[in-house]
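Asks: For reference, the file query39.cif (mmCIF, C-alpha atoms) is included below:
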```
data_start
loop_
_atom_site.label_atom_id
_atom_site.label_comp_id
_atom_site.auth_asym_id
_atom_site.auth_seq_id
_atom_site.Cartn_x
_atom_site.Cartn_y
_atom_site.Cartn_z
CA MET A 27 58.53 35.71 56.02
CA PHE A 28 57.51 34.06 52.77
CA ARG A 29 54.16 35.17 51.45
CA LYS A 30 51.49 33.63 49.32
CA ALA A 31 51.73 34.21 45.59
CA ARG A 32 49.79 37.08 44.15
CA GLY A 33 47.56 36.67 41.12
CA ALA A 34 44.58 34.67 39.97
CA ARG A 35 44.49 30.96 40.67
CA GLY A 36 43.90 28.40 37.98
CA ARG A 37 45.67 30.26 35.20
CA ARG A 38 46.79 27.64 32.71
CA ALA A 39 50.43 27.69 31.75
CA THR A 40 50.78 27.14 28.02
CA LYS A 41 54.53 27.72 27.94
CA LEU A 42 57.31 27.24 30.43
CA ARG A 43 58.36 30.65 31.67
CA THR A 44 61.96 30.44 30.64
CA LEU A 45 64.09 30.98 27.59
CA PRO A 46 67.49 29.39 27.21
CA ALA A 47 70.85 31.06 26.85
CA MET A 48 74.16 29.30 26.23
CA ILE A 49 77.68 30.51 26.85
CA ALA A 50 79.68 28.93 24.06
CA GLY A 51 83.18 29.76 25.22
CA LEU A 52 85.32 31.45 27.84
CA PHE A 53 88.61 31.98 26.04
CA GLY A 54 89.20 35.72 26.29
CA VAL A 55 86.06 36.05 24.21
CA VAL A 56 82.80 34.70 25.54
CA ALA A 57 80.57 33.57 22.70
CA ALA A 58 77.02 33.85 23.97
CA ILE A 59 74.26 32.22 21.97
CA ALA A 60 71.63 34.34 23.65
CA ALA A 61 67.89 34.57 23.65
CA LEU A 62 66.14 37.59 25.17
CA SER A 63 66.05 35.88 28.55
CA PHE A 64 67.93 33.03 30.15
CA SER A 65 68.17 30.48 32.91
CA TYR A 66 71.09 29.20 34.89
CA ALA A 67 72.73 25.85 35.60
CA ASP A 68 73.41 26.49 39.26
CA GLU A 69 74.33 23.43 41.26
CA ALA A 70 73.90 19.90 39.95
CA ALA A 71 71.84 17.66 42.19
CA VAL A 72 71.36 13.93 41.78
CA SER A 73 67.81 12.67 42.25
CA SER A 74 66.38 9.16 42.05
CA ASP A 75 62.77 10.35 42.48
CA PRO A 76 60.67 8.35 39.97
CA ASN A 77 58.38 11.39 39.57
CA LEU A 78 61.20 13.22 37.80
CA ASN A 79 60.75 11.13 34.69
CA TYR A 80 61.65 13.93 32.31
CA GLY A 81 64.82 14.83 34.14
CA THR A 82 68.12 13.65 32.74
CA TYR A 83 69.73 16.44 34.75
CA THR A 84 68.56 18.21 37.88
CA PHE A 85 69.77 21.63 39.01
CA VAL A 86 69.18 23.78 42.08
CA ARG A 87 67.53 27.11 41.24
CA ASN A 88 67.05 30.29 43.24
CA SER A 89 64.64 33.19 42.79
CA GLU A 90 64.18 36.35 44.83
CA TYR A 91 60.59 37.17 45.80
CA ASP A 92 59.39 39.71 48.35
CA GLY A 93 62.89 40.06 49.77
CA GLU A 94 63.34 36.32 50.30
CA ILE A 95 65.27 33.70 48.33
CA LEU A 96 63.14 30.78 47.11
CA GLU A 97 65.01 27.55 46.37
CA PHE A 98 63.64 24.90 44.01
CA TYR A 99 64.78 22.56 41.23
CA GLU A 100 64.80 22.29 37.46
CA SER A 101 64.98 18.90 35.74
CA GLY A 102 65.25 17.94 32.11
CA ASP A 103 67.62 17.76 29.18
CA GLU A 104 68.37 19.60 25.96
CA ALA A 105 64.85 18.88 24.68
CA PHE A 106 62.56 19.62 27.64
CA ARG A 107 62.76 20.76 31.26
CA TYR A 108 60.46 21.83 34.06
CA TYR A 109 60.55 23.21 37.61
CA HIS A 110 59.65 21.22 40.72
CA ASP A 111 60.11 21.12 44.48
CA GLU A 112 62.09 18.56 46.53
CA ASN A 113 59.13 16.15 46.36
CA GLY A 114 58.81 16.30 42.58
CA TYR A 115 55.72 18.54 42.49
CA VAL A 116 55.62 20.74 39.40
CA LEU A 117 56.19 24.48 39.89
CA LEU A 118 55.65 27.56 37.74
CA ARG A 119 58.16 30.41 37.84
CA ASP A 120 57.19 34.03 37.23
CA PHE A 121 60.29 35.86 36.02
CA GLU A 122 58.63 39.27 36.40
CA THR A 123 57.82 38.96 40.10
CA GLY A 124 60.30 36.24 41.05
CA ASN A 125 57.58 34.14 42.62
CA VAL A 126 57.44 30.35 42.22
CA THR A 127 54.07 28.66 42.65
CA TYR A 128 52.62 25.16 42.75
CA ALA A 129 50.83 23.83 39.68
CA PHE A 130 47.88 21.48 39.39
CA SER A 131 46.90 19.46 36.34
CA ASP A 132 44.50 20.94 33.81
CA GLY A 133 44.24 18.15 31.28
CA GLY A 134 47.94 17.38 31.60
CA TYR A 135 48.93 21.05 31.42
CA PRO A 136 50.20 22.80 34.57
CA ALA A 137 47.80 25.46 35.89
CA ASP A 138 48.80 28.04 38.48
CA SER A 139 47.44 27.33 41.96
CA GLY A 140 48.51 30.78 43.15
CA VAL A 141 50.25 29.28 46.19
CA SER A 142 53.94 30.07 46.52
CA ILE A 143 56.56 27.56 47.63
CA GLY A 144 57.23 30.09 50.40
CA ALA A 145 53.70 29.78 51.79
CA SER A 146 52.91 27.99 55.05
CA ALA A 147 52.97 24.18 55.17
CA ALA A 148 49.22 24.12 55.78
CA GLU A 149 48.51 26.31 52.77
CA ILE A 150 50.78 24.23 50.51
CA ALA A 151 49.12 21.02 51.71
CA SER A 152 45.67 22.41 50.89
CA VAL A 153 46.18 22.82 47.15
CA PRO A 154 46.10 20.09 44.47
CA LYS A 155 49.44 19.36 42.83
CA MET A 156 50.92 17.44 39.94
CA THR A 157 54.21 15.64 39.31
CA GLY A 158 56.32 15.36 36.19
CA ALA A 159 54.57 12.08 35.40
CA ASP A 160 51.28 14.00 35.13
CA LEU A 161 52.54 16.26 32.34
CA SER A 162 50.87 15.23 29.10
CA GLU A 163 52.87 14.22 26.05
CA THR A 164 51.24 17.09 24.19
CA TYR A 165 52.43 19.60 26.78
CA VAL A 166 55.94 18.18 26.75
CA LEU A 167 56.13 18.39 22.96
CA ASP A 168 54.60 21.90 22.88
CA ASN A 169 57.24 23.11 25.34
CA SER A 170 60.23 21.30 23.90
CA ALA A 171 63.02 23.10 22.07
CA GLU A 172 61.99 24.03 18.55
CA VAL A 173 64.60 21.89 16.82
CA TYR A 174 63.38 18.82 18.70
CA ARG A 175 59.75 19.49 17.82
CA ARG A 176 60.77 19.56 14.18
CA ALA A 177 62.75 16.38 14.52
CA VAL A 178 59.80 14.58 16.16
CA ALA A 179 57.50 15.83 13.40
CA GLY A 180 59.90 14.38 10.83
CA ALA A 181 59.52 17.42 8.62
CA ALA A 182 62.32 18.90 6.56
CA ASP A 183 63.79 21.87 8.37
CA SER A 184 63.51 25.18 6.55
CA GLY A 185 66.30 26.61 8.65
CA THR A 186 66.74 27.85 12.20
CA SER A 187 68.41 31.21 12.78
CA ASN A 188 70.81 31.48 15.69
CA ILE A 189 72.16 34.82 16.91
CA VAL A 190 75.66 34.79 18.39
CA ILE A 191 76.96 37.62 20.56
CA PHE A 192 80.66 37.74 21.39
CA ILE A 193 81.55 39.23 24.76
CA GLN A 194 84.93 40.40 25.97
CA PHE A 195 85.61 41.33 29.59
CA LYS A 196 86.65 44.85 30.51
CA GLY A 197 90.40 45.28 30.10
CA GLU A 198 90.73 42.37 27.64
CA THR A 199 90.93 42.33 23.85
CA ALA A 200 88.93 39.85 21.83
CA GLU A 201 90.66 37.67 19.26
CA ILE A 202 87.87 36.16 17.20
CA GLY A 203 90.09 34.51 14.60
CA ASP A 204 88.47 31.36 13.25
CA LYS A 205 85.81 31.18 15.95
CA LEU A 206 83.09 31.99 13.42
CA ASP A 207 83.77 28.57 11.92
CA TYR A 208 82.67 27.01 15.21
CA PHE A 209 79.12 27.91 14.21
CA ASN A 210 78.68 27.75 10.42
CA GLY A 211 81.86 25.95 9.33
CA SER A 212 81.78 22.85 7.14
CA GLY A 213 84.03 20.99 9.59
CA ASP A 214 83.31 20.50 13.27
CA SER A 215 80.70 23.17 13.96
CA LEU A 216 77.30 23.73 15.52
CA ARG A 217 75.64 23.65 12.12
CA SER A 218 77.33 20.50 10.87
CA TYR A 219 76.66 18.70 14.16
CA PHE A 220 72.89 19.18 13.96
CA LEU A 221 72.82 18.41 10.25
CA LYS A 222 74.61 15.13 10.88
CA GLN A 223 72.64 14.10 13.96
CA SER A 224 69.30 14.84 12.26
CA ASP A 225 70.17 13.34 8.88
CA GLY A 226 69.88 16.78 7.32
CA ALA A 227 66.52 17.65 8.90
CA ILE A 228 67.83 20.39 11.22
CA ASP A 229 69.79 23.25 9.69
CA ILE A 230 70.97 25.94 12.14
CA GLU A 231 72.56 29.01 10.59
CA SER A 232 74.27 31.44 12.96
CA TYR A 233 74.25 35.20 12.47
CA PHE A 234 76.56 37.75 14.05
CA PRO A 235 75.81 41.41 14.89
CA THR A 236 78.16 43.72 12.99
CA SER A 237 79.72 47.12 13.62
CA GLY A 238 81.69 49.02 10.99
CA GLY A 239 81.80 45.98 8.75
CA GLU A 240 83.30 43.81 11.50
CA VAL A 241 81.72 41.30 13.86
CA TYR A 242 80.41 43.20 16.86
CA VAL A 243 82.02 42.35 20.20
CA HIS A 244 80.31 43.58 23.35
CA THR A 245 82.59 44.78 26.15
CA ALA A 246 81.35 43.82 29.61
CA SER A 247 81.06 46.56 32.21
CA ASN A 248 83.44 44.76 34.56
CA ALA A 249 86.59 42.65 34.55
CA ARG A 250 86.49 38.86 34.33
CA SER A 251 87.04 38.51 38.10
CA TYR A 252 83.74 40.31 38.80
CA TYR A 253 81.77 37.50 37.13
CA ASN A 254 84.03 34.63 38.20
CA ILE A 255 82.08 33.57 41.29
CA THR A 256 83.13 30.08 42.42
CA ASP A 257 79.93 29.39 44.39
CA GLN A 258 77.77 28.09 41.56
CA SER A 259 74.61 27.95 43.67
CA GLY A 260 75.00 31.49 45.01
CA TYR A 261 72.57 34.28 44.28
CA THR A 262 75.44 36.71 43.54
CA ARG A 263 76.66 34.57 40.65
CA GLN A 264 73.18 34.34 39.16
CA THR A 265 72.70 38.09 39.41
CA ARG A 266 76.01 38.90 37.75
CA GLU A 267 75.50 36.38 34.97
CA ALA A 268 72.07 37.88 34.36
CA GLU A 269 73.62 41.36 34.27
CA LEU A 270 76.28 40.23 31.79
CA LEU A 271 73.87 38.62 29.34
CA THR A 272 71.13 41.24 29.66
CA ASN A 273 73.56 44.06 28.86
CA ALA A 274 75.08 42.14 25.95
CA VAL A 275 71.71 41.41 24.33
CA ALA A 276 70.53 45.00 24.83
CA ALA A 277 73.71 46.42 23.29
CA ALA A 278 73.72 44.00 20.37
CA LYS A 279 70.21 44.95 19.24
CA ALA A 280 71.51 48.09 17.55
CA HIS A 281 73.96 46.00 15.51
CA LEU A 282 71.46 43.55 14.05
CA SER A 283 70.22 44.25 10.54
#
```
Let me see the structure of the file written as structure tokens.

Replies:
Amino acid sequence: MFRKARGARGRRATKLRTLPAMIAGLFGVVAAIAALSFSYADEAAVSSDPNLNYGTYTFVRNSEYDGEILEFYESGDEAFRYYHDENGYVLLRDFETGNVTYAFSDGGYPADSGVSIGASAAEIASVPKMTGADLSETYVLDNSAEVYRRAVAGAADSGTSNIVIFIQFKGETAEIGDKLDYFNGSGDSLRSYFLKQSDGAIDIESYFPTSGGEVYVHTASNARSYYNITDQSGYTRQTREAELLTNAVAAAKAHLS
């Protein structure tokens, strides 16, 4: 049975509880542009709900809480995204407990109602809610990706540091070659793309952990087939992707100067 969320009600959420991670390539080497946590693009879902006004893309999400799997949605684009249920009501996700709760508006900011999406229909109906349209412009900007906040501000960018972790699967040998140029190269690269698109306002410089004077490559604990789960919406795939990235970030810490 689903249970009501634990914790105090009315806690204001000042930041979305997620940090992005990107897998930049799967070509024998997986280049992971990783933050210390991550979210997943599970299963694309098309929605015409007018409440999802910040959602260029909508994805199905899953979270385990109290032994049950909670299913909900995440909508947005490369600048901003938020969680919601099938009716467009804003949700807050607690990555520590796995619980997902309904939010109500506190001056355009989502505040935690303390009621889980797994609660009874009567309990869910009893709490105030908000939709994406209720999110204030200030909240959206505060919770947008850093490079987009700078672009909106129109200020010259002093530089954004990006950490890249290369991952090879167990039993495979990484061939990095010219892949470093994909990030900082003067030709087609991550850095040149953002410089061009922002008229020079956004400068992203990538850094690579090193080991013995060479670029560090993390070796995954398992073979490629272990992580190659075809069911994109499945909980197993999410868990194994989380395992892969968590281990890579943890191992790479010792190789960052």

Asks: Suppose you want the space between CA of Gly140 (chain A) and CA of Tyr83 (chain A); what is it in Å?

Replies: 27.0 Å

Asks: Taking only C-alpha atoms into account, which of A:Ala105, A:Leu282, A:Ile228, A:Ala159 comes nearest Ala171 (chain A)?

Replies: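 Checking each of A:Ala105, A:Leu282, A:Ile228, A:Ala159 against Ala171 (chain A), counting only C-alpha atoms, the winner is A:Ala105.
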
Asks: Of the candidates A:Thr272, A:Ser237, A:Gln194, A:Ser139, which one gets nearest to Arg250 (chain A) if we count only C-alpha atoms?

Replies: A:Gln194

Asks: Do you have the CA of Tyr128 (chain A)-CA of Asp111 (chain A) distance handy?

Replies: 8.7 Å

Asks: Pull out every residue that the PyMOL selection byres ((chain A and resi 187) around 7) matches in the shown coordinates and put them as a JSON list (two decimals) with C-alpha atoms, in the frame of the given file.

Replies:
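Result saved to result.json:
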```json
[["chain", "number", "residue", "atom", "x", "y", "z"],
["A", 185, "GLY", "CA", 66.30, 26.61, 8.65],
["A", 186, "THR", "CA", 66.74, 27.85, 12.20],
["A", 188, "ASN", "CA", 70.81, 31.48, 15.69],
["A", 189, "ILE", "CA", 72.16, 34.82, 16.91],
["A", 230, "ILE", "CA", 70.97, 25.94, 12.14],
["A", 231, "GLU", "CA", 72.56, 29.01, 10.59],
["A", 232, "SER", "CA", 74.27, 31.44, 12.96]]
```

Asks: If you measure from CA of Asp160 (chain A) to CA of Gly134 (chain A), what distance in Å do you get, rounded to one decimal?

Replies: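 Distance between the two atoms: 5.9 Å.
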
Asks: Identify which of the residues A:Val243, A:Ala147, A:Ala129, A:Leu271 lies closest to Thr199 (chain A), counting all atoms listed in the file when measuring atom-to-atom distances.

Replies: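 Distance minimum relative to Thr199 (chain A) lands on A:Val243.
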
Asks: Quick one: of A:Ala148, A:Arg107, A:Gly238, A:Tyr91, who's nearest to Thr123 (chain A), counting only C-alpha atoms?

Replies: A:Tyr91

Asks: From the set A:Ser142, A:His110, A:Thr157, A:Gly239, which residue has the shortest atom-to-atom contact distance to Phe130 (chain A), counting all atoms listed in the file?

Replies: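 Selected residue with least distance to Phe130 (chain A): A:Thr157.
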
Asks: Name the residues in contact with Tyr109 (chain A) at a cut-off of 7 Å, using only C-alpha atoms, excluding same-chain residues fewer than 3 positions from it; report them as a list in words.

Replies: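 Counting only the stated atoms, we get Tyr99, Glu100, Ser101, Val116, Leu117 and Leu118 of chain A.
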
Asks: For Glu122 (chain A), which residue out of A:Pro154, A:Gly144, A:Glu90, A:Phe106 is the nearest one, using all atoms listed in the file?

Replies: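 Ranked by minimum distance to Glu122 (chain A), first place goes to A:Glu90.
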
Asks: Mind telling me what the PyMOL selection byres ((chain A and resi 247) around 9) catches here, as a ChimeraX atom specification?

Replies: /A:195-196,245-246,248-249,270,273

Asks: At a cut-off of 9 Å around the point (81.5, 38.2, 14.1) (file coordinates), what residues fall inside when counting all atoms listed in the file? I'd like the answer as a short mmCIF file (atom, residue, chain, number, x, y, z; two decimals) with C-alpha atoms, in the coordinates of the input.

Replies:
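Wrote selection05.cif, looks like this:
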```cif
data_model
loop_
_atom_site.label_atom_id
_atom_site.label_comp_id
_atom_site.auth_asym_id
_atom_site.auth_seq_id
_atom_site.Cartn_x
_atom_site.Cartn_y
_atom_site.Cartn_z
CA VAL A 190 75.66 34.79 18.39
CA ILE A 191 76.96 37.62 20.56
CA PHE A 192 80.66 37.74 21.39
CA ILE A 202 87.87 36.16 17.20
CA LYS A 205 85.81 31.18 15.95
CA LEU A 206 83.09 31.99 13.42
CA TYR A 233 74.25 35.20 12.47
CA PHE A 234 76.56 37.75 14.05
CA PRO A 235 75.81 41.41 14.89
CA THR A 236 78.16 43.72 12.99
CA GLU A 240 83.30 43.81 11.50
CA VAL A 241 81.72 41.30 13.86
CA TYR A 242 80.41 43.20 16.86
CA VAL A 243 82.02 42.35 20.20
#
```

Asks: Applied to this file, what does the PyMOL selection byres ((chain A and resi 221) around 12) return in terms of residues, put as number ranges by chain?

Replies: A: 173, 177, 182-183, 185-186, 210-220, 222-231

Asks: Produce the centre coordinates and the three edge lengths, each in Å to one decimal, of the box along x, y and z that contains all listed atoms of region 163-167 of chain A with 3 Å added on each side, as JSON.

Replies:
```
{"center_x": 53.7, "center_y": 16.9, "center_z": 24.9, "size_x": 10.9, "size_y": 11.4, "size_z": 9.8}
```

Asks: Restore N, CA and C atoms in region 160-173 of chain A and list the result as a compact mmCIF listing (two decimals), in the coordinates of the input.

Replies:
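The file below, part.txt, is the result:
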```
# COMPACT_ATOMS: atom_id res chain seq x y z
N ASP A 160 52.63 13.55 35.51
CA ASP A 160 51.28 14.00 35.13
C ASP A 160 51.29 14.92 33.91
N LEU A 161 52.46 15.39 33.51
CA LEU A 161 52.54 16.26 32.34
C LEU A 161 52.20 15.46 31.08
N SER A 162 51.28 15.96 30.29
CA SER A 162 50.87 15.23 29.10
C SER A 162 51.95 15.26 28.02
N GLU A 163 51.91 14.27 27.14
CA GLU A 163 52.87 14.22 26.05
C GLU A 163 52.72 15.44 25.15
N THR A 164 51.48 15.91 25.00
CA THR A 164 51.24 17.09 24.19
C THR A 164 51.91 18.31 24.79
N TYR A 165 51.80 18.46 26.11
CA TYR A 165 52.43 19.60 26.78
C TYR A 165 53.95 19.54 26.65
N VAL A 166 54.49 18.35 26.85
CA VAL A 166 55.94 18.18 26.75
C VAL A 166 56.43 18.56 25.36
N LEU A 167 55.73 18.09 24.33
CA LEU A 167 56.13 18.39 22.96
C LEU A 167 55.97 19.88 22.66
N ASP A 168 54.86 20.47 23.12
CA ASP A 168 54.60 21.90 22.88
C ASP A 168 55.67 22.77 23.51
N ASN A 169 56.27 22.30 24.61
CA ASN A 169 57.24 23.11 25.34
C ASN A 169 58.67 22.62 25.17
N SER A 170 58.89 21.76 24.21
CA SER A 170 60.23 21.30 23.90
C SER A 170 60.93 22.31 23.00
N ALA A 171 62.24 22.21 22.94
CA ALA A 171 63.02 23.10 22.07
C ALA A 171 62.54 22.93 20.63
N GLU A 172 62.55 24.02 19.90
CA GLU A 172 61.99 24.03 18.55
C GLU A 172 62.62 22.98 17.64
N VAL A 173 63.94 22.83 17.73
CA VAL A 173 64.60 21.89 16.82
C VAL A 173 64.16 20.46 17.12
```
